[in-house]
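A.B. asks: Dropping in coords_23.txt, with compact mmCIF, C-alpha atoms and all ligand atoms.
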# COMPACT_ATOMS: atom_id res chain seq x y z
CA MET K 1 33.98 48.93 -25.87
CA ASP K 2 30.62 50.63 -25.47
CA VAL K 3 27.84 48.08 -25.12
CA VAL K 4 24.24 49.28 -24.88
CA LEU K 5 21.16 47.12 -24.39
CA TRP K 6 17.73 48.60 -25.04
CA ASP K 7 15.50 46.44 -22.92
CA TYR K 8 12.53 46.26 -20.61
CA TRP K 9 12.95 44.75 -17.16
CA ARG K 10 10.18 42.15 -17.60
CA SER K 11 10.87 41.31 -21.25
CA SER K 12 11.96 37.70 -21.41
CA ALA K 13 13.74 38.15 -24.75
CA SER K 14 15.79 40.92 -23.08
CA TYR K 15 16.30 38.70 -20.02
CA ARG K 16 17.85 36.04 -22.30
CA VAL K 17 20.32 38.55 -23.69
CA ARG K 18 21.19 39.83 -20.20
CA ILE K 19 22.05 36.24 -19.19
CA ALA K 20 24.31 35.81 -22.22
CA LEU K 21 26.06 39.15 -21.62
CA ASN K 22 26.61 38.16 -17.99
CA LEU K 23 27.94 34.74 -19.02
CA ALA K 24 30.35 36.55 -21.35
CA GLY K 25 31.39 38.92 -18.56
CA ILE K 26 30.62 41.89 -20.81
CA ALA K 27 29.86 45.13 -18.97
CA TYR K 28 26.93 46.94 -20.54
CA ARG K 29 24.52 49.73 -19.84
CA THR K 30 20.81 49.45 -20.36
CA VAL K 31 18.42 51.95 -21.85
CA PRO K 32 14.91 51.03 -20.70
CA VAL K 33 12.15 51.02 -23.31
CA ASP K 34 8.88 51.18 -21.40
CA LEU K 35 6.64 48.65 -23.13
CA LEU K 36 3.65 49.59 -20.98
CA ALA K 37 3.98 53.21 -22.07
CA GLY K 38 4.27 52.13 -25.72
CA GLU K 39 7.80 53.45 -26.16
CA GLN K 40 8.59 50.50 -28.45
CA GLY K 41 6.36 52.14 -31.06
CA SER K 42 8.20 55.49 -31.00
CA ALA K 43 9.96 56.79 -34.09
CA ALA K 44 13.29 56.64 -32.25
CA HIS K 45 12.87 52.98 -31.38
CA SER K 46 11.62 52.06 -34.87
CA VAL K 47 14.97 53.22 -36.20
CA ARG K 48 16.71 50.89 -33.76
CA ASN K 49 14.36 47.99 -34.50
CA PRO K 50 11.80 48.22 -37.32
CA GLN K 51 9.85 45.41 -35.61
CA GLY K 52 9.27 47.63 -32.59
CA PHE K 53 10.59 45.04 -30.14
CA VAL K 54 13.20 44.85 -27.43
CA PRO K 55 15.95 43.77 -27.07
CA VAL K 56 18.29 45.77 -29.26
CA LEU K 57 22.00 45.43 -28.60
CA ASP K 58 24.69 47.82 -29.75
CA ILE K 59 28.07 46.23 -29.28
CA GLY K 60 31.02 48.33 -30.36
CA GLY K 61 28.87 50.00 -33.03
CA LEU K 62 27.30 46.77 -34.31
CA ARG K 63 23.52 47.04 -33.89
CA LEU K 64 21.70 43.72 -33.44
CA THR K 65 18.09 42.65 -32.85
CA GLN K 66 16.45 39.23 -32.26
CA SER K 67 17.56 37.69 -28.97
CA LEU K 68 18.65 34.33 -30.38
CA ALA K 69 20.71 36.00 -33.12
CA ILE K 70 22.32 38.21 -30.47
CA ILE K 71 23.02 35.24 -28.20
CA GLU K 72 24.50 33.21 -31.06
CA TYR K 73 26.69 36.21 -31.98
CA LEU K 74 27.93 36.43 -28.37
CA ASN K 75 28.39 32.67 -28.27
CA GLU K 76 30.53 32.70 -31.41
CA THR K 77 32.59 35.77 -30.56
CA GLN K 78 33.04 35.07 -26.85
CA GLY K 79 33.29 31.26 -26.89
CA LEU K 80 30.47 30.71 -24.41
CA GLY K 81 29.85 27.05 -25.30
CA LEU K 82 26.09 27.56 -25.47
CA LEU K 83 25.73 25.14 -28.36
CA PRO K 84 27.31 21.73 -27.83
CA GLY K 85 29.86 20.33 -30.28
CA ASP K 86 27.92 17.18 -31.03
CA ALA K 87 25.40 17.80 -33.86
CA ALA K 88 22.60 15.71 -32.36
CA THR K 89 22.85 17.38 -28.93
CA ARG K 90 23.14 20.77 -30.59
CA ALA K 91 19.91 20.04 -32.50
CA LEU K 92 18.22 19.07 -29.22
CA VAL K 93 19.34 22.31 -27.54
CA ARG K 94 17.94 24.24 -30.50
CA GLN K 95 14.66 22.27 -30.41
CA ILE K 96 14.11 23.16 -26.74
CA SER K 97 15.16 26.77 -27.31
CA TYR K 98 12.81 27.19 -30.27
CA VAL K 99 9.87 25.67 -28.37
CA ILE K 100 10.21 28.64 -26.03
CA ALA K 101 11.52 31.41 -28.27
CA MET K 102 9.57 30.70 -31.45
CA ASP K 103 6.42 28.86 -30.44
CA THR K 104 5.63 29.98 -26.87
CA HIS K 105 6.97 33.48 -26.34
CA PRO K 106 5.56 35.18 -29.49
CA ILE K 107 1.94 34.27 -28.75
CA CYS K 108 2.31 35.60 -25.21
CA ASN K 109 3.73 38.91 -26.42
CA PRO K 110 1.85 41.99 -25.16
CA SER K 111 0.94 43.14 -28.69
CA VAL K 112 -0.58 39.72 -29.48
CA VAL K 113 -2.43 39.37 -26.18
CA GLU K 114 -3.77 42.92 -26.36
CA GLN K 115 -5.10 42.14 -29.85
CA VAL K 116 -6.92 39.09 -28.45
CA ILE K 117 -8.24 41.07 -25.51
CA ALA K 118 -9.56 43.73 -27.88
CA LEU K 119 -11.75 41.04 -29.45
CA VAL K 120 -13.41 39.93 -26.23
CA VAL K 121 -15.99 41.63 -24.07
CA GLN K 122 -14.33 40.85 -20.77
CA ALA K 123 -10.53 40.84 -20.53
CA GLU K 124 -10.39 38.49 -17.55
CA PRO K 125 -10.19 35.51 -17.37
CA VAL K 126 -9.26 35.42 -21.08
CA ARG K 127 -5.83 37.03 -20.62
CA THR K 128 -4.82 34.77 -17.72
CA ASP K 129 -6.18 31.61 -19.36
CA TRP K 130 -4.36 32.43 -22.59
CA MET K 131 -1.03 32.99 -20.86
CA ARG K 132 -1.30 29.90 -18.67
CA HIS K 133 -2.39 27.69 -21.55
CA PHE K 134 0.41 28.61 -23.95
CA ILE K 135 3.19 28.87 -21.37
CA LEU K 136 2.31 25.46 -19.94
CA ARG K 137 2.05 23.94 -23.41
CA GLY K 138 5.58 25.16 -24.22
CA LEU K 139 7.08 24.05 -20.91
CA ARG K 140 5.40 20.64 -21.18
CA ALA K 141 7.03 20.21 -24.58
CA CYS K 142 10.39 21.09 -22.99
CA GLU K 143 9.70 18.53 -20.24
CA ALA K 144 9.23 15.86 -22.92
CA LEU K 145 12.29 16.92 -24.92
CA LEU K 146 14.72 17.41 -22.05
CA PRO K 147 17.02 14.45 -21.44
CA GLU K 148 17.52 12.84 -18.04
CA THR K 149 20.92 14.19 -17.01
CA ASP K 150 23.08 14.13 -13.91
CA GLY K 151 23.90 17.79 -14.49
CA TYR K 152 21.98 20.76 -13.29
CA PHE K 153 21.27 22.38 -16.65
CA SER K 154 19.39 21.18 -19.75
CA ILE K 155 22.12 18.98 -21.11
CA GLY K 156 24.60 18.76 -18.25
CA ALA K 157 26.74 20.88 -15.99
CA HIS K 158 27.27 23.77 -18.43
CA PRO K 159 24.54 26.30 -19.32
CA SER K 160 23.34 26.18 -22.92
CA LEU K 161 21.06 28.22 -25.16
CA ALA K 162 18.18 26.05 -23.94
CA ASP K 163 18.72 27.20 -20.33
CA ILE K 164 18.87 30.83 -21.46
CA CYS K 165 15.44 30.34 -23.05
CA ILE K 166 13.90 28.27 -20.24
CA ALA K 167 14.82 30.49 -17.26
CA PRO K 168 12.93 33.61 -18.47
CA GLN K 169 9.98 31.48 -19.54
CA LEU K 170 9.82 29.94 -16.05
CA TYR K 171 9.85 33.45 -14.61
CA ASN K 172 6.79 34.22 -16.74
CA ALA K 173 5.21 30.94 -15.67
CA GLY K 174 5.58 32.01 -12.04
CA ARG K 175 4.16 35.42 -12.80
CA TRP K 176 1.01 33.88 -14.33
CA LEU K 177 0.76 31.21 -11.60
CA VAL K 178 1.21 28.33 -14.01
CA PRO K 179 1.23 25.04 -12.04
CA PHE K 180 4.71 23.49 -11.98
CA ASP K 181 3.55 19.97 -10.98
CA ASP K 182 4.11 18.21 -14.30
CA ILE K 183 7.22 20.08 -15.45
CA PRO K 184 9.86 18.76 -13.00
CA LYS K 185 12.79 19.00 -15.45
CA PRO K 186 12.27 22.69 -16.31
CA THR K 187 11.67 23.33 -12.60
CA ARG K 188 14.99 21.66 -11.69
CA ILE K 189 16.74 23.68 -14.39
CA GLY K 190 15.13 26.84 -13.08
CA ALA K 191 16.60 26.17 -9.63
CA ALA K 192 20.07 25.62 -11.14
CA CYS K 193 19.80 28.81 -13.16
CA ALA K 194 18.68 30.77 -10.10
CA ALA K 195 21.89 29.71 -8.34
CA HIS K 196 24.13 30.84 -11.22
CA PRO K 197 25.34 34.46 -10.93
CA ALA K 198 24.95 35.24 -14.64
CA PHE K 199 21.32 34.20 -14.47
CA SER K 200 20.48 35.72 -11.09
CA ALA K 201 21.98 39.10 -12.10
CA ALA K 202 19.67 39.12 -15.16
CA ILE K 203 16.34 38.55 -13.41
CA PRO K 204 13.79 41.33 -13.92
CA GLU K 205 13.82 42.46 -10.28
CA ALA K 206 17.62 42.79 -10.39
CA VAL K 207 17.50 45.16 -13.34
CA LYS K 208 14.30 47.08 -12.71
CA ASP K 209 14.88 50.84 -12.41
N1 LIG K 301 11.83 37.23 -31.51
C1 LIG K 301 12.16 38.44 -30.80
C2 LIG K 301 10.99 38.78 -29.90
C3 LIG K 301 11.18 40.07 -29.15
C4 LIG K 301 9.94 40.42 -28.37
O1 LIG K 301 8.89 39.82 -28.57
N2 LIG K 301 10.07 41.38 -27.46
C5 LIG K 301 8.93 41.79 -26.68
C6 LIG K 301 9.25 41.84 -25.22
S1 LIG K 301 9.70 40.25 -24.58
C7 LIG K 301 8.48 43.16 -27.12
O2 LIG K 301 9.30 44.02 -27.37
N3 LIG K 301 7.17 43.35 -27.19
C8 LIG K 301 6.61 44.62 -27.54
C9 LIG K 301 5.22 44.50 -28.03
O3 LIG K 301 4.66 43.39 -28.03
O4 LIG K 301 4.69 45.54 -28.40
C10 LIG K 301 13.43 38.24 -29.97
O5 LIG K 301 13.68 37.11 -29.57
O6 LIG K 301 14.18 39.20 -29.75
As C-alpha cells, please, write out the structure in this file.
C.D. replies:
Amino acid sequence: MDVVLWDYWRSSASYRVRIALNLAGIAYRTVPVDLLAGEQGSAAHSVRNPQGFVPVLDIGGLRLTQSLAIIEYLNETQGLGLLPGDAATRALVRQISYVIAMDTHPICNPSVVEQVIALVVQAEPVRTDWMRHFILRGLRACEALLPETDGYFSIGAHPSLADICIAPQLYNAGRWLVPFDDIPKPTRIGAACAAHPAFSAAIPEAVKD
C-alpha cells in the first residue's frame, strides 16, 4: 500500500501523525512542504488541503487532513489503543489532547504569529513572549489534568492520543526555551516518549532532509 505524508520537519501536527504511523508500523514516504518558503499556499497544495496546512496523508488512495482525524483513523483501522476503553479515561485523554491540539497549537501557528508580528513595530520580543506564554499555558493545563500514574505515559504504560499531542508540544517548548520547572508531569511523559522508538523516529531532526 502506498502511503504518502505531506509534512514539514518542524510541524508538530505532522510530528503527531509520524508518531502514529510509527506506532502502527506503517512504512510511508514523506513529501516535504516547505512552510518557510510558503509552499503550503501553492495551488498544488491547496488541492491537497484547502486549509493550506500540513499534514496531509494519502493512505491507499484515501486522502486525509487534520492530524487528530488522521490519528483516530489509524487508531481505528490499526488497533493502536490510543483511546482507552473506559469512557471517563477516554474523555480525559481527549481533554489533554485538545488542550494542545485545539487551544495551544493553533495560536502558535506561523500564519497566526506572523499576523501578530505584522501588527507590531518590533518583532522581538513579541514573537518569543507570545510563543512562551501560550505554550506554557497549554502545558500547565495538561499538568493539572494529568493523573498521577505509575506508568510512564499520560494514563499508564501504553501511549495514548494525549502523549502523541504532548511530545511535539514539548519539543516546541524546548525550542522556545519555555521553563519546565512547573510542568513535571509533561516533562516525565516527554522523557518516556523520547525513549520509545515510534516517538524518537518521528522527531523533527530525525526526519529533516
Ligand atoms: N488542526 C490542524 C492544524 C495543522 C497545522 O496547523 N499545521 C501547521 C504546521 S504545524 C501549518 O501547516 N501551518 C502553515 C501556516 O501556518 O501557514 C491539524 O491538526 O492537522
A.B. asks: Please determine the residues with any atom at most 9 Å from (5.3, 46.8, -25.0) (coordinates as given in the file, with all atoms listed in the file counting) and report them as number ranges by chain.
C.D. replies: K: 8, 11, 33-41, 52-54, 109-111
A.B. asks: Could you please give me, as an MDAnalysis selection string, the residues of protein, DNA or RNA lying at most 10 Å from (5.6, 29.0, -17.6) in the coordinate frame of the file, considering only C-alpha atoms?
C.D. replies: chainID K and resid 100 104:105 131:140 166:180 183 186:187
A.B. asks: Could you give me the centre and size, in Å to one decimal, of an axis-aligned box around all listed atoms of ligand LIG 301 (chain K) with 8 Å added on every side, as JSON?
C.D. replies:
{"center_x": 9.4, "center_y": 41.3, "center_z": -28.0, "size_x": 25.5, "size_y": 24.4, "size_z": 22.9}
A.B. asks: So the first atom is CA of Leu146 (chain K) and the second is atom S1 of ligand LIG 301 (chain K); what is the distance between them in Å, to one decimal place?
C.D. replies: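 A separation of 23.5 Å between them.
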A.B. asks: Please, what distance in Å, to one decimal, runs between CA of Pro147 (chain K) and CA of Leu92 (chain K)?
C.D. replies: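 CA of Leu92 (chain K) lies 9.1 Å from CA of Pro147 (chain K).
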A.B. asks: Do you have the CA of Ala101 (chain K)-CA of Ala144 (chain K) distance handy?
C.D. replies: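 The value is 16.6 Å.
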A.B. asks: Which one of K:Pro204, K:Cys142, K:Gly85, K:Val121 sits closest to ligand LIG 301 (chain K) if you count all atoms listed in the file?
C.D. replies: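 Smallest separation from ligand LIG 301 (chain K) among the options: K:Pro204.
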A.B. asks: Residues near Ala192 (chain K), anyone? I mean within 7 Å using all atoms listed in the file, not counting same-chain ones fewer than 3 positions away, as a ChimeraX atom specification.
C.D. replies: /K:152-153,188-189,195-196
A.B. asks: Using all atoms listed in the file for the distances, tell me which of K:Val113, K:Leu161, K:Val3, K:Ala43 is nearest to Gln95 (chain K).
C.D. replies: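 For Gln95 (chain K), the nearest of the candidates is K:Leu161.
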A.B. asks: For ligand LIG 301 (chain K), which of K:Leu21, K:Ala141, K:Ala13, K:Val93 is the closest residue, counting all atoms listed in the file?
C.D. replies: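 The shortest atom-to-atom distance to ligand LIG 301 (chain K) comes from K:Ala13.
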A.B. asks: Hey, which of K:Cys165, K:Ala118, K:Leu82, K:Ala206 ends up closest to Gly190 (chain K)? Count all atoms listed in the file.
C.D. replies: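 So, comparing all the options, the nearest one is K:Cys165.
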A.B. asks: With distances taken over all atoms listed in the file, which of K:Asp103, K:Asp163, K:Glu143, K:Asp182 is nearest to Arg16 (chain K)?
C.D. replies: K:Asp163
A.B. asks: Which residue is closest to Pro84 (chain K)? Choose from K:His158, K:Arg48, K:Arg18, K:Arg29 and count only C-alpha atoms.
C.D. replies: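 Checking each of K:His158, K:Arg48, K:Arg18, K:Arg29 against Pro84 (chain K), counting only C-alpha atoms, the winner is K:His158.
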A.B. asks: Can you pull out the residues contacting Gly79 (chain K)? Cut-off 12 Å, using only C-alpha atoms, and skip same-chain residues under 6 positions away; I want them as a compact mmCIF listing (two decimals) with C-alpha atoms, keeping the file's coordinate frame.
C.D. replies:
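part_13.txt was written with the following content:
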# COMPACT_ATOMS: atom_id res chain seq x y z
CA ALA K 20 24.31 35.81 -22.22
CA LEU K 21 26.06 39.15 -21.62
CA LEU K 23 27.94 34.74 -19.02
CA ALA K 24 30.35 36.55 -21.35
CA GLY K 25 31.39 38.92 -18.56
CA ILE K 71 23.02 35.24 -28.20
CA GLU K 72 24.50 33.21 -31.06
CA TYR K 73 26.69 36.21 -31.98
CA GLY K 85 29.86 20.33 -30.28
CA SER K 160 23.34 26.18 -22.92
